[in-house]
$ cat run.pdb   # PDB, C-alpha atoms, pLDDT in the B column
ATOM      1  CA  MET W  13     130.875 111.447  90.299  1.00 77.00           C
ATOM      2  CA  HIS W  14     130.917 109.456  87.057  1.00 90.00           C
ATOM      3  CA  ILE W  15     127.920 109.612  84.738  1.00 95.00           C
ATOM      4  CA  GLN W  16     127.094 105.934  85.328  1.00 95.00           C
ATOM      5  CA  ALA W  17     126.925 106.508  89.094  1.00 95.00           C
ATOM      6  CA  LEU W  18     124.745 109.576  88.546  1.00 96.00           C
ATOM      7  CA  LEU W  19     122.398 107.595  86.319  1.00 97.00           C
ATOM      8  CA  SER W  20     122.212 104.861  88.962  1.00 97.00           C
ATOM      9  CA  LEU W  21     121.272 107.465  91.575  1.00 97.00           C
ATOM     10  CA  MET W  22     118.570 108.896  89.312  1.00 97.00           C
ATOM     11  CA  HIS W  23     117.234 105.380  88.832  1.00 97.00           C
ATOM     12  CA  LEU W  24     117.203 104.572  92.557  1.00 97.00           C
ATOM     13  CA  THR W  25     115.425 107.799  93.500  1.00 97.00           C
ATOM     14  CA  SER W  26     112.986 107.915  90.599  1.00 94.00           C
ATOM     15  CA  PRO W  27     109.272 108.198  91.470  1.00 88.00           C
ATOM     16  CA  SER W  28     108.691 105.412  88.937  1.00 89.00           C
ATOM     17  CA  LEU W  29     110.858 102.927  90.846  1.00 93.00           C
ATOM     18  CA  PRO W  30     108.485  99.956  91.328  1.00 93.00           C
ATOM     19  CA  ILE W  31     108.626  99.603  95.100  1.00 93.00           C
ATOM     20  CA  GLY W  32     105.320 101.225  96.060  1.00 91.00           C
ATOM     21  CA  ALA W  33     106.531 104.353  97.873  1.00 90.00           C
ATOM     22  CA  PHE W  34     103.766 106.345  96.155  1.00 88.00           C
ATOM     23  CA  ALA W  35     101.164 104.436  98.201  1.00 91.00           C
ATOM     24  CA  TYR W  36     102.125 106.027 101.539  1.00 92.00           C
ATOM     25  CA  SER W  37     101.502 109.541 102.847  1.00 95.00           C
ATOM     26  CA  GLN W  38     103.437 109.330 106.157  1.00 94.00           C
ATOM     27  CA  GLY W  39     100.582 111.011 107.974  1.00 95.00           C
ATOM     28  CA  LEU W  40     100.274 113.958 105.615  1.00 97.00           C
ATOM     29  CA  GLU W  41      96.836 112.795 104.488  1.00 95.00           C
ATOM     30  CA  THR W  42      95.562 113.060 108.062  1.00 95.00           C
ATOM     31  CA  ALA W  43      97.228 116.450 108.571  1.00 96.00           C
ATOM     32  CA  VAL W  44      95.227 117.665 105.572  1.00 96.00           C
ATOM     33  CA  GLU W  45      92.044 116.047 106.916  1.00 95.00           C
ATOM     34  CA  LEU W  46      92.560 117.918 110.209  1.00 95.00           C
ATOM     35  CA  GLU W  47      93.122 121.156 108.243  1.00 96.00           C
ATOM     36  CA  TRP W  48      96.627 121.546 109.642  1.00 98.00           C
ATOM     37  CA  ILE W  49      97.698 121.768 105.995  1.00 98.00           C
ATOM     38  CA  SER W  50      95.522 123.602 103.502  1.00 97.00           C
ATOM     39  CA  ASP W  51      97.791 125.501 101.120  1.00 97.00           C
ATOM     40  CA  GLU W  52     101.337 126.049  99.899  1.00 97.00           C
ATOM     41  CA  GLU W  53     102.498 127.945 102.991  1.00 98.00           C
ATOM     42  CA  SER W  54     101.122 125.494 105.544  1.00 98.00           C
ATOM     43  CA  LEU W  55     102.570 122.601 103.534  1.00 98.00           C
ATOM     44  CA  GLN W  56     106.038 124.129 103.700  1.00 98.00           C
ATOM     45  CA  ARG W  57     105.633 124.782 107.431  1.00 98.00           C
ATOM     46  CA  TRP W  58     104.821 121.088 107.862  1.00 98.00           C
ATOM     47  CA  LEU W  59     107.581 119.640 105.689  1.00 98.00           C
ATOM     48  CA  ARG W  60     110.479 121.868 106.719  1.00 98.00           C
ATOM     49  CA  PRO W  61     110.805 120.593 110.327  1.00 97.00           C
ATOM     50  CA  LEU W  62     110.220 117.020 109.172  1.00 98.00           C
ATOM     51  CA  MET W  63     113.326 117.421 107.054  1.00 98.00           C
ATOM     52  CA  ARG W  64     115.456 119.593 109.350  1.00 97.00           C
ATOM     53  CA  PHE W  65     114.642 117.831 112.635  1.00 96.00           C
ATOM     54  CA  GLY W  66     113.444 114.452 111.386  1.00 98.00           C
ATOM     55  CA  GLN W  67     115.411 113.280 108.358  1.00 98.00           C
ATOM     56  CA  ALA W  68     118.511 115.182 109.475  1.00 98.00           C
ATOM     57  CA  ASN W  69     118.564 113.502 112.883  1.00 98.00           C
ATOM     58  CA  LEU W  70     117.540 109.976 111.911  1.00 99.00           C
ATOM     59  CA  GLU W  71     117.595 108.886 108.276  1.00 99.00           C
ATOM     60  CA  ILE W  72     120.637 110.876 107.137  1.00 99.00           C
ATOM     61  CA  PRO W  73     123.041 109.729 109.892  1.00 99.00           C
ATOM     62  CA  ILE W  74     121.810 106.131 109.688  1.00 99.00           C
ATOM     63  CA  ILE W  75     122.271 106.021 105.906  1.00 99.00           C
ATOM     64  CA  GLN W  76     125.791 107.350 106.464  1.00 99.00           C
ATOM     65  CA  ARG W  77     126.595 104.584 108.967  1.00 99.00           C
ATOM     66  CA  CYS W  78     125.017 101.847 106.876  1.00 99.00           C
ATOM     67  CA  TYR W  79     126.887 103.081 103.803  1.00 99.00           C
ATOM     68  CA  ASP W  80     130.158 102.667 105.690  1.00 98.00           C
ATOM     69  CA  ALA W  81     129.076  99.285 107.065  1.00 98.00           C
ATOM     70  CA  TRP W  82     128.233  97.949 103.601  1.00 98.00           C
ATOM     71  CA  LYS W  83     131.806  98.641 102.468  1.00 98.00           C
ATOM     72  CA  THR W  84     132.929  95.701 104.619  1.00 97.00           C
ATOM     73  CA  ASP W  85     129.572  93.905 104.900  1.00 96.00           C
ATOM     74  CA  ASP W  86     129.599  94.555 108.642  1.00 98.00           C
ATOM     75  CA  LEU W  87     126.337  92.753 109.426  1.00 98.00           C
ATOM     76  CA  ALA W  88     126.515  93.497 113.149  1.00 98.00           C
ATOM     77  CA  GLN W  89     126.523  97.231 112.457  1.00 98.00           C
ATOM     78  CA  LEU W  90     123.798  96.922 109.834  1.00 98.00           C
ATOM     79  CA  ASN W  91     121.580  94.977 112.236  1.00 98.00           C
ATOM     80  CA  HIS W  92     122.254  97.502 114.993  1.00 98.00           C
ATOM     81  CA  TRP W  93     121.298 100.507 112.892  1.00 99.00           C
ATOM     82  CA  GLN W  94     118.247  98.783 111.487  1.00 98.00           C
ATOM     83  CA  ASP W  95     117.077  98.183 115.066  1.00 98.00           C
ATOM     84  CA  ILE W  96     117.643 101.859 115.903  1.00 98.00           C
ATOM     85  CA  LEU W  97     115.752 102.932 112.789  1.00 98.00           C
ATOM     86  CA  LEU W  98     112.720 100.740 113.455  1.00 98.00           C
ATOM     87  CA  ALA W  99     112.660 101.778 117.113  1.00 97.00           C
ATOM     88  CA  ASN W 100     112.232 105.351 115.890  1.00 97.00           C
ATOM     89  CA  ARG W 101     109.331 104.457 113.606  1.00 96.00           C
ATOM     90  CA  GLU W 102     106.759 105.448 116.184  1.00 94.00           C
ATOM     91  CA  THR W 103     103.644 103.860 114.693  1.00 96.00           C
ATOM     92  CA  ALA W 104     102.732 100.487 113.226  1.00 95.00           C
ATOM     93  CA  GLU W 105     102.009 102.249 109.934  1.00 95.00           C
ATOM     94  CA  LEU W 106     105.531 103.660 109.664  1.00 96.00           C
ATOM     95  CA  VAL W 107     107.147 100.343 110.627  1.00 96.00           C
ATOM     96  CA  LYS W 108     105.062  98.479 108.054  1.00 96.00           C
ATOM     97  CA  GLU W 109     105.945 100.998 105.351  1.00 96.00           C
ATOM     98  CA  GLU W 110     109.663 100.630 106.070  1.00 97.00           C
ATOM     99  CA  GLN W 111     109.452  96.841 105.968  1.00 96.00           C
ATOM    100  CA  LYS W 112     107.179  96.571 102.916  1.00 96.00           C
ATOM    101  CA  LEU W 113     109.336  98.912 100.875  1.00 97.00           C
ATOM    102  CA  GLY W 114     112.361  96.930 101.997  1.00 97.00           C
ATOM    103  CA  GLN W 115     110.849  93.684 100.727  1.00 97.00           C
ATOM    104  CA  THR W 116     110.044  95.084  97.288  1.00 97.00           C
ATOM    105  CA  PHE W 117     113.357  96.943  97.048  1.00 98.00           C
ATOM    106  CA  TYR W 118     115.254  93.756  97.924  1.00 98.00           C
ATOM    107  CA  ARG W 119     113.540  91.900  95.093  1.00 97.00           C
ATOM    108  CA  LEU W 120     114.409  94.695  92.680  1.00 97.00           C
ATOM    109  CA  LEU W 121     118.074  94.763  93.730  1.00 98.00           C
ATOM    110  CA  ASP W 122     118.236  90.975  93.532  1.00 97.00           C
ATOM    111  CA  ASN W 123     116.895  91.100  89.969  1.00 97.00           C
ATOM    112  CA  LEU W 124     119.522  93.734  89.184  1.00 96.00           C
ATOM    113  CA  ASN W 125     122.174  91.263  90.415  1.00 97.00           C
ATOM    114  CA  VAL W 126     123.307  93.495  93.260  1.00 97.00           C
ATOM    115  CA  GLU W 127     125.606  91.512  95.547  1.00 96.00           C
ATOM    116  CA  MET W 128     123.936  91.099  98.961  1.00 97.00           C
ATOM    117  CA  PRO W 129     124.145  88.587 101.820  1.00 95.00           C
ATOM    118  CA  GLU W 130     121.226  86.217 102.383  1.00 93.00           C
ATOM    119  CA  CYS W 131     120.083  88.153 105.459  1.00 95.00           C
ATOM    120  CA  ALA W 132     119.548  91.284 103.344  1.00 97.00           C
ATOM    121  CA  LYS W 133     116.045  90.061 102.488  1.00 96.00           C
ATOM    122  CA  ASN W 134     115.095  91.011 106.063  1.00 96.00           C
ATOM    123  CA  TYR W 135     116.502  94.523 105.884  1.00 98.00           C
ATOM    124  CA  SER W 136     114.426  97.670 105.697  1.00 98.00           C
ATOM    125  CA  TYR W 137     114.259 100.043 102.769  1.00 98.00           C
ATOM    126  CA  LEU W 138     116.740 102.535 104.202  1.00 98.00           C
ATOM    127  CA  VAL W 139     119.380  99.897 104.950  1.00 99.00           C
ATOM    128  CA  LEU W 140     119.023  98.480 101.435  1.00 99.00           C
ATOM    129  CA  PHE W 141     119.192 101.970  99.923  1.00 99.00           C
ATOM    130  CA  ALA W 142     122.561 102.375 101.628  1.00 99.00           C
ATOM    131  CA  CYS W 143     123.584  99.028 100.134  1.00 98.00           C
ATOM    132  CA  ALA W 144     122.564 100.104  96.640  1.00 98.00           C
ATOM    133  CA  ILE W 145     124.410 103.412  96.683  1.00 98.00           C
ATOM    134  CA  GLU W 146     127.552 101.718  98.008  1.00 98.00           C
ATOM    135  CA  ARG W 147     127.416  98.927  95.416  1.00 98.00           C
ATOM    136  CA  PHE W 148     126.860 101.403  92.571  1.00 98.00           C
ATOM    137  CA  ASN W 149     129.750 103.617  93.762  1.00 97.00           C
ATOM    138  CA  ILE W 150     127.507 106.629  94.300  1.00 98.00           C
ATOM    139  CA  ASP W 151     128.939 109.545  96.251  1.00 98.00           C
ATOM    140  CA  LEU W 152     127.365 109.668  99.715  1.00 98.00           C
ATOM    141  CA  GLU W 153     126.375 113.343  99.743  1.00 98.00           C
ATOM    142  CA  ALA W 154     124.908 113.070  96.256  1.00 98.00           C
ATOM    143  CA  ALA W 155     122.963 109.995  97.359  1.00 98.00           C
ATOM    144  CA  LEU W 156     121.641 111.813 100.414  1.00 99.00           C
ATOM    145  CA  SER W 157     120.509 114.678  98.181  1.00 98.00           C
ATOM    146  CA  GLY W 158     118.665 112.156  96.035  1.00 98.00           C
ATOM    147  CA  TRP W 159     117.120 110.503  99.100  1.00 98.00           C
ATOM    148  CA  LEU W 160     115.760 113.788 100.462  1.00 98.00           C
ATOM    149  CA  TRP W 161     114.601 114.977  97.054  1.00 98.00           C
ATOM    150  CA  SER W 162     112.715 111.727  96.487  1.00 97.00           C
ATOM    151  CA  TRP W 163     111.083 111.980  99.930  1.00 97.00           C
ATOM    152  CA  LEU W 164     110.168 115.632  99.374  1.00 98.00           C
ATOM    153  CA  GLU W 165     108.792 115.014  95.895  1.00 97.00           C
ATOM    154  CA  ASN W 166     106.631 112.174  97.195  1.00 96.00           C
ATOM    155  CA  GLN W 167     105.238 114.348  99.989  1.00 97.00           C
ATOM    156  CA  ILE W 168     104.446 117.146  97.536  1.00 97.00           C
ATOM    157  CA  THR W 169     102.663 114.632  95.308  1.00 96.00           C
ATOM    158  CA  VAL W 170     100.565 113.529  98.291  1.00 95.00           C
ATOM    159  CA  ALA W 171      99.681 117.181  98.918  1.00 97.00           C
ATOM    160  CA  CYS W 172      98.609 117.609  95.285  1.00 96.00           C
ATOM    161  CA  LYS W 173      96.148 114.751  95.687  1.00 95.00           C
ATOM    162  CA  THR W 174      94.795 115.570  99.141  1.00 95.00           C
ATOM    163  CA  ILE W 175      94.652 119.365  99.632  1.00 96.00           C
ATOM    164  CA  PRO W 176      94.452 119.485  96.552  1.00 95.00           C
ATOM    165  CA  LEU W 177      97.486 121.561  95.614  1.00 95.00           C
ATOM    166  CA  GLY W 178      97.939 122.910  92.092  1.00 96.00           C
ATOM    167  CA  GLN W 179     100.984 122.075  89.996  1.00 95.00           C
ATOM    168  CA  THR W 180     102.488 125.575  90.163  1.00 97.00           C
ATOM    169  CA  PRO W 181     102.252 125.875  93.982  1.00 96.00           C
ATOM    170  CA  ALA W 182     103.694 122.361  94.162  1.00 97.00           C
ATOM    171  CA  GLN W 183     106.733 123.363  92.120  1.00 97.00           C
ATOM    172  CA  LEU W 184     107.137 126.565  94.126  1.00 98.00           C
ATOM    173  CA  SER W 185     107.131 124.490  97.311  1.00 98.00           C
ATOM    174  CA  LEU W 186     109.808 122.170  95.936  1.00 98.00           C
ATOM    175  CA  VAL W 187     112.015 125.133  95.053  1.00 98.00           C
ATOM    176  CA  ALA W 188     111.382 126.838  98.408  1.00 98.00           C
ATOM    177  CA  LEU W 189     112.471 123.722 100.294  1.00 98.00           C
ATOM    178  CA  MET W 190     115.602 123.023  98.231  1.00 98.00           C
ATOM    179  CA  PRO W 191     117.921 124.939 100.611  1.00 97.00           C
ATOM    180  CA  ASP W 192     116.674 122.761 103.459  1.00 98.00           C
ATOM    181  CA  ILE W 193     117.986 119.673 101.675  1.00 98.00           C
ATOM    182  CA  GLU W 194     121.571 120.917 101.786  1.00 97.00           C
ATOM    183  CA  ALA W 195     121.217 122.169 105.363  1.00 98.00           C
ATOM    184  CA  SER W 196     119.735 118.849 106.492  1.00 98.00           C
ATOM    185  CA  ILE W 197     122.590 116.886 104.943  1.00 99.00           C
ATOM    186  CA  GLN W 198     125.239 119.124 106.482  1.00 98.00           C
ATOM    187  CA  HIS W 199     123.633 118.718 109.894  1.00 98.00           C
ATOM    188  CA  GLY W 200     122.915 115.008 109.529  1.00 98.00           C
ATOM    189  CA  LEU W 201     126.498 114.090 108.686  1.00 98.00           C
ATOM    190  CA  LEU W 202     127.640 115.628 111.977  1.00 98.00           C
ATOM    191  CA  VAL W 203     125.112 113.905 114.258  1.00 98.00           C
ATOM    192  CA  SER W 204     126.807 111.663 116.826  1.00 98.00           C
ATOM    193  CA  ASP W 205     125.691 108.105 117.529  1.00 98.00           C
ATOM    194  CA  ASP W 206     124.112 109.117 120.826  1.00 97.00           C
ATOM    195  CA  ASP W 207     122.115 111.932 119.217  1.00 98.00           C
ATOM    196  CA  ILE W 208     120.518 109.846 116.469  1.00 98.00           C
ATOM    197  CA  GLY W 209     116.738 109.809 116.809  1.00 96.00           C
ATOM    198  CA  LEU W 210     113.772 112.124 116.599  1.00 89.00           C
ATOM    199  CA  THR W 211     110.990 113.608 118.657  1.00 87.00           C
ATOM    200  CA  LEU W 212     108.197 114.804 116.397  1.00 95.00           C
ATOM    201  CA  PRO W 213     104.952 114.305 118.362  1.00 94.00           C
ATOM    202  CA  SER W 214     102.622 115.775 115.729  1.00 96.00           C
ATOM    203  CA  PHE W 215     104.137 113.565 113.035  1.00 96.00           C
ATOM    204  CA  ALA W 216     103.649 110.456 115.185  1.00 95.00           C
ATOM    205  CA  MET W 217     100.097 111.474 116.066  1.00 97.00           C
ATOM    206  CA  VAL W 218      98.886 111.974 112.497  1.00 95.00           C
ATOM    207  CA  SER W 219     100.479 108.692 111.470  1.00 95.00           C
ATOM    208  CA  ALA W 220      98.664 106.888 114.279  1.00 94.00           C
ATOM    209  CA  TRP W 221      95.363 108.600 113.503  1.00 94.00           C
ATOM    210  CA  HIS W 222      95.735 107.741 109.831  1.00 93.00           C
ATOM    211  CA  GLU W 223      95.468 104.047 110.743  1.00 89.00           C
ATOM    212  CA  THR W 224      91.805 104.584 111.687  1.00 87.00           C
ATOM    213  CA  GLN W 225      90.910 107.461 109.367  1.00 84.00           C
ATOM    214  CA  TYR W 226      87.458 106.800 107.919  1.00 81.00           C
ATOM    215  CA  SER W 227      88.230 107.686 104.316  1.00 79.00           C
ATOM    216  CA  ARG W 228      91.738 107.699 102.888  1.00 78.00           C
ATOM    217  CA  LEU W 229      93.620 107.441  99.609  1.00 85.00           C
ATOM    218  CA  PHE W 230      96.881 106.119 101.009  1.00 86.00           C
ATOM    219  CA  ARG W 231      97.872 102.831 102.614  1.00 77.00           C
ATOM    220  CA  SER W 232      97.964 102.161 106.317  1.00 70.00           C
TER     221      SER W 232
END
$ encode --input "run.pdb" --output "structure tokens"
Amino acid sequence: MHIQALLSLMHLTSPSLPIGAFAYSQGLETAVELEWISDEESLQRWLRPLMRFGQANLEIPIIQRCYDAWKTDDLAQLNHWQDILLANRETAELVKEEQKLGQTFYRLLDNLNVEMPECAKNYSYLVLFACAIERFNIDLEAALSGWLWSWLENQITVACKTIPLGQTPAQLSLVALMPDIEASIQHGLLVSDDDIGLTLPSFAMVSAWHETQYSRLFRS
């Protein structure tokens, strides 16, 4: 991958990207409140299946399909996979996050003069991420590594604020979960159309409970 493509990937997956991803905990805040997560080990036990059975079975294969669809601007396929994605966002909080991030990401890409059809303003964050990596000629597997790393880093940051987790345990958790990134990508790229989706009841439950949590730091 050329240096310019690598720099574009680093830009798109940077925690400082102004789209507001830092404002969401994806239920982790409630898992901490319930004392399901209280330290480095329990955090890793929570995040590993979310990556291996969640991201690997939903986000990774859908990014792959949207990436291919953007090569020919196949809007029918993009609309189809967006519908599948949103149908698997099991709470109002998760749907809203996907849509809100999509709106801000669209504005950013538009300001960067990324070529997109008019209907792209209605696409979710994931679908637009696939657009960006295709337009910037970023290798798919590298982009998926960046996607998972960005997600993982954000979740670790949430843990630092809510458990709270110290900086050294946070870095140790990132390193411990690195092998799961590669394994999740390898699995996700082989998932068939019919097998795309997830069943993570605890994840859905904490996201739903977060909507009515009495005191919280993160958006719902």
$ closest_residue --input "run.pdb" --among "W:Gln76, W:Gln198, W:Ser204, W:Ser37" --to "Leu106 in chain W" --atoms "only C-alpha atoms"
W:Ser37
$ resolve_selection --input "run.pdb" --expression "the PyMOL selection byres ((chain W and resi 162) around 10)" --output "PyMOL selection string"
chain W and resi 22+24-27+33+156-161+163-168
$ resolve_selection --input "run.pdb" --expression "the PyMOL selection byres ((chain W and resi 201) around 8)" --output "list in words"
Ile72, Pro73, Gln76, Ile197, Gln198, His199, Gly200, Leu202 and Val203 of chain W
$ residues_around --input "run.pdb" --residues "Asn100 in chain W" --least-positions-apart "2" --cutoff "12 Å" --atoms "only C-alpha atoms" --output "MDAnalysis selection string"
chainID W and resid 66:67 69:71 74 93:98 102:104 106:107 110 208:213 215:216
$ write_last_selection --input "run.pdb" --atoms "C-alpha atoms" --output "PDB file, in the coordinates of the input"
ATOM      1  CA  GLY W  66     113.444 114.452 111.386  1.00 98.00           C
ATOM      2  CA  GLN W  67     115.411 113.280 108.358  1.00 98.00           C
ATOM      3  CA  ASN W  69     118.564 113.502 112.883  1.00 98.00           C
ATOM      4  CA  LEU W  70     117.540 109.976 111.911  1.00 99.00           C
ATOM      5  CA  GLU W  71     117.595 108.886 108.276  1.00 99.00           C
ATOM      6  CA  ILE W  74     121.810 106.131 109.688  1.00 99.00           C
ATOM      7  CA  TRP W  93     121.298 100.507 112.892  1.00 99.00           C
ATOM      8  CA  GLN W  94     118.247  98.783 111.487  1.00 98.00           C
ATOM      9  CA  ASP W  95     117.077  98.183 115.066  1.00 98.00           C
ATOM     10  CA  ILE W  96     117.643 101.859 115.903  1.00 98.00           C
ATOM     11  CA  LEU W  97     115.752 102.932 112.789  1.00 98.00           C
ATOM     12  CA  LEU W  98     112.720 100.740 113.455  1.00 98.00           C
ATOM     13  CA  GLU W 102     106.759 105.448 116.184  1.00 94.00           C
ATOM     14  CA  THR W 103     103.644 103.860 114.693  1.00 96.00           C
ATOM     15  CA  ALA W 104     102.732 100.487 113.226  1.00 95.00           C
ATOM     16  CA  LEU W 106     105.531 103.660 109.664  1.00 96.00           C
ATOM     17  CA  VAL W 107     107.147 100.343 110.627  1.00 96.00           C
ATOM     18  CA  GLU W 110     109.663 100.630 106.070  1.00 97.00           C
ATOM     19  CA  ILE W 208     120.518 109.846 116.469  1.00 98.00           C
ATOM     20  CA  GLY W 209     116.738 109.809 116.809  1.00 96.00           C
ATOM     21  CA  LEU W 210     113.772 112.124 116.599  1.00 89.00           C
ATOM     22  CA  THR W 211     110.990 113.608 118.657  1.00 87.00           C
ATOM     23  CA  LEU W 212     108.197 114.804 116.397  1.00 95.00           C
ATOM     24  CA  PRO W 213     104.952 114.305 118.362  1.00 94.00           C
ATOM     25  CA  PHE W 215     104.137 113.565 113.035  1.00 96.00           C
ATOM     26  CA  ALA W 216     103.649 110.456 115.185  1.00 95.00           C
TER      27      ALA W 216
END
$ residues_around --input "run.pdb" --residues "Ser196 in chain W" --least-positions-apart "3" --cutoff "7 Å" --atoms "only C-alpha atoms" --output "PyMOL selection string"
chain W and resi 63-64+68+192-193+199-200
$ atom_distance --input "run.pdb" --atom1 "CA of Tyr226 in chain W" --atom2 "CA of Thr174 in chain W"
14.4 Å
$ resolve_selection --input "run.pdb" --expression "the PyMOL selection byres ((chain W and resi 230) around 12)" --output "PyMOL selection string"
chain W and resi 32-42+105+109+167+169-171+173-174+219+222-229+231-232
$ closest_residue --input "run.pdb" --among "W:Glu52, W:Glu146, W:Asp151, W:Asp207" --to "Lys83 in chain W" --atoms "only C-alpha atoms"
W:Glu146
$ closest_residue --input "run.pdb" --among "W:Ala188, W:Leu90, W:Leu138, W:Met128" --to "Leu113 in chain W" --atoms "only C-alpha atoms"
W:Leu138
$ residues_near_point --input "run.pdb" --point "(121.2, 89.9, 94.5)" --cutoff "12 Å" --atoms "all atoms listed in the file" --output "PyMOL selection string"
chain W and resi 117-133+140+143-144+147
$ write_last_selection --input "run.pdb" --atoms "C-alpha atoms" --output "compact mmCIF listing (two decimals), keeping the file's coordinate frame"
# COMPACT_ATOMS: atom_id res chain seq x y z
CA PHE W 117 113.36 96.94 97.05
CA TYR W 118 115.25 93.76 97.92
CA ARG W 119 113.54 91.90 95.09
CA LEU W 120 114.41 94.70 92.68
CA LEU W 121 118.07 94.76 93.73
CA ASP W 122 118.24 90.98 93.53
CA ASN W 123 116.90 91.10 89.97
CA LEU W 124 119.52 93.73 89.18
CA ASN W 125 122.17 91.26 90.42
CA VAL W 126 123.31 93.50 93.26
CA GLU W 127 125.61 91.51 95.55
CA MET W 128 123.94 91.10 98.96
CA PRO W 129 124.14 88.59 101.82
CA GLU W 130 121.23 86.22 102.38
CA CYS W 131 120.08 88.15 105.46
CA ALA W 132 119.55 91.28 103.34
CA LYS W 133 116.04 90.06 102.49
CA LEU W 140 119.02 98.48 101.44
CA CYS W 143 123.58 99.03 100.13
CA ALA W 144 122.56 100.10 96.64
CA ARG W 147 127.42 98.93 95.42
